[in-house]
Every structure is written in C-alpha cells, then in structure tokens.
Amino acid sequence: MLNLKNKVVFKGDRTLWYVVIGLMLASLIVVYSSTGSLAFRVRGGNTSYYLIKQLFLMFGCMVVILTLQSFH
C-alpha cells in the first residue's frame, strides 16, 4: 500500500498553506468580479480572458513557491 504522507509536496506550516490558497481563491473572485467593464471595453465582453490569465499567474506562483521551498 502506498504511503501518501511521505509523498506530500506541501512541506511547512499548514496554516501558511491555508492562507496562501485562500488568498489565491479570493484573488480569482476579485479579478473576475472587477474586470467586467474592462472586458466589455477591451475584449468585447470576454471576461474569461482575465480569469484564465489569473489562473496562469497563480499556477506560475505555485511552481515558484514549491521550487523555493525545496531549498534548505
């Protein structure tokens, strides 16, 4: 049987990880709700462009965080 506890990538303080993930989820809501008028002026009403852009930025930040936490 696989021991999943040894394969967890998220090392460190759990509370800090909860805060980081919570802030990332909050940023999705804020970006999606605040880009409505901008999307209609610039992108012809395509609000998903900014949401996808935010998701890519969040993914990149998670890669940086996971990479930097592996160094001692």
# chains A, B, ... in the order shown; residues from 1 in each chain; ligands from 1

call {"tool": "select_by_dssp", "arguments": {"residues": "chain A", "states": "helix (DSSP H, G or I)", "output": "PyMOL selection string"}}
result
chain A and resi 4-7+14-34+36-42+48-69

call {"tool": "write_last_selection", "arguments": {"atoms": "C-alpha atoms", "output": "PDB file, in the first residue's frame"}}
result
ATOM      1  CA  LEU A   4       0.864   9.102   0.665  1.00  0.00           C
ATOM      2  CA  LYS A   5       2.058  11.035   3.687  1.00  0.00           C
ATOM      3  CA  ASN A   6       5.699  10.720   2.546  1.00  0.00           C
ATOM      4  CA  LYS A   7       4.851  11.902  -0.980  1.00  0.00           C
ATOM      5  CA  ARG A  14      -0.247  24.088   7.256  1.00  0.00           C
ATOM      6  CA  THR A  15      -1.714  27.376   8.397  1.00  0.00           C
ATOM      7  CA  LEU A  16       0.530  29.251   5.994  1.00  0.00           C
ATOM      8  CA  TRP A  17      -0.547  26.989   3.136  1.00  0.00           C
ATOM      9  CA  TYR A  18      -4.219  27.568   4.025  1.00  0.00           C
ATOM     10  CA  VAL A  19      -3.643  31.327   3.947  1.00  0.00           C
ATOM     11  CA  VAL A  20      -1.828  31.175   0.580  1.00  0.00           C
ATOM     12  CA  ILE A  21      -4.518  29.005  -1.018  1.00  0.00           C
ATOM     13  CA  GLY A  22      -7.277  31.145   0.495  1.00  0.00           C
ATOM     14  CA  LEU A  23      -5.717  34.317  -0.884  1.00  0.00           C
ATOM     15  CA  MET A  24      -5.367  32.699  -4.302  1.00  0.00           C
ATOM     16  CA  LEU A  25      -9.033  31.724  -4.324  1.00  0.00           C
ATOM     17  CA  ALA A  26     -10.020  35.201  -3.171  1.00  0.00           C
ATOM     18  CA  SER A  27      -7.938  36.712  -5.970  1.00  0.00           C
ATOM     19  CA  LEU A  28      -9.905  34.695  -8.521  1.00  0.00           C
ATOM     20  CA  ILE A  29     -13.166  36.113  -7.205  1.00  0.00           C
ATOM     21  CA  VAL A  30     -11.814  39.669  -7.091  1.00  0.00           C
ATOM     22  CA  VAL A  31     -10.331  39.526 -10.595  1.00  0.00           C
ATOM     23  CA  TYR A  32     -13.455  38.010 -12.114  1.00  0.00           C
ATOM     24  CA  SER A  33     -15.813  40.479 -10.462  1.00  0.00           C
ATOM     25  CA  SER A  34     -13.736  43.597 -11.109  1.00  0.00           C
ATOM     26  CA  GLY A  36     -16.466  43.188 -16.112  1.00  0.00           C
ATOM     27  CA  SER A  37     -16.459  46.707 -17.551  1.00  0.00           C
ATOM     28  CA  LEU A  38     -12.845  46.391 -18.713  1.00  0.00           C
ATOM     29  CA  ALA A  39     -13.669  43.197 -20.567  1.00  0.00           C
ATOM     30  CA  PHE A  40     -16.570  44.844 -22.374  1.00  0.00           C
ATOM     31  CA  ARG A  41     -14.423  47.823 -23.403  1.00  0.00           C
ATOM     32  CA  VAL A  42     -11.245  45.971 -24.412  1.00  0.00           C
ATOM     33  CA  SER A  48     -12.869  34.610 -19.096  1.00  0.00           C
ATOM     34  CA  TYR A  49      -9.666  36.031 -20.629  1.00  0.00           C
ATOM     35  CA  TYR A  50      -8.772  37.738 -17.358  1.00  0.00           C
ATOM     36  CA  LEU A  51      -9.808  34.731 -15.303  1.00  0.00           C
ATOM     37  CA  ILE A  52      -7.590  32.401 -17.340  1.00  0.00           C
ATOM     38  CA  LYS A  53      -4.738  34.908 -17.155  1.00  0.00           C
ATOM     39  CA  GLN A  54      -5.094  34.959 -13.340  1.00  0.00           C
ATOM     40  CA  LEU A  55      -5.114  31.149 -13.239  1.00  0.00           C
ATOM     41  CA  PHE A  56      -1.858  31.008 -15.227  1.00  0.00           C
ATOM     42  CA  LEU A  57      -0.272  33.555 -12.900  1.00  0.00           C
ATOM     43  CA  MET A  58      -1.395  31.545  -9.869  1.00  0.00           C
ATOM     44  CA  PHE A  59      -0.001  28.341 -11.381  1.00  0.00           C
ATOM     45  CA  GLY A  60       3.331  30.050 -12.041  1.00  0.00           C
ATOM     46  CA  CYS A  61       3.462  31.369  -8.494  1.00  0.00           C
ATOM     47  CA  MET A  62       2.743  27.908  -7.082  1.00  0.00           C
ATOM     48  CA  VAL A  63       5.619  26.497  -9.142  1.00  0.00           C
ATOM     49  CA  VAL A  64       7.935  29.188  -7.761  1.00  0.00           C
ATOM     50  CA  ILE A  65       6.760  28.572  -4.179  1.00  0.00           C
ATOM     51  CA  LEU A  66       7.180  24.791  -4.453  1.00  0.00           C
ATOM     52  CA  THR A  67      10.605  25.207  -6.052  1.00  0.00           C
ATOM     53  CA  LEU A  68      11.881  27.625  -3.431  1.00  0.00           C
ATOM     54  CA  GLN A  69      10.641  25.569  -0.504  1.00  0.00           C
TER      55      GLN A  69
END
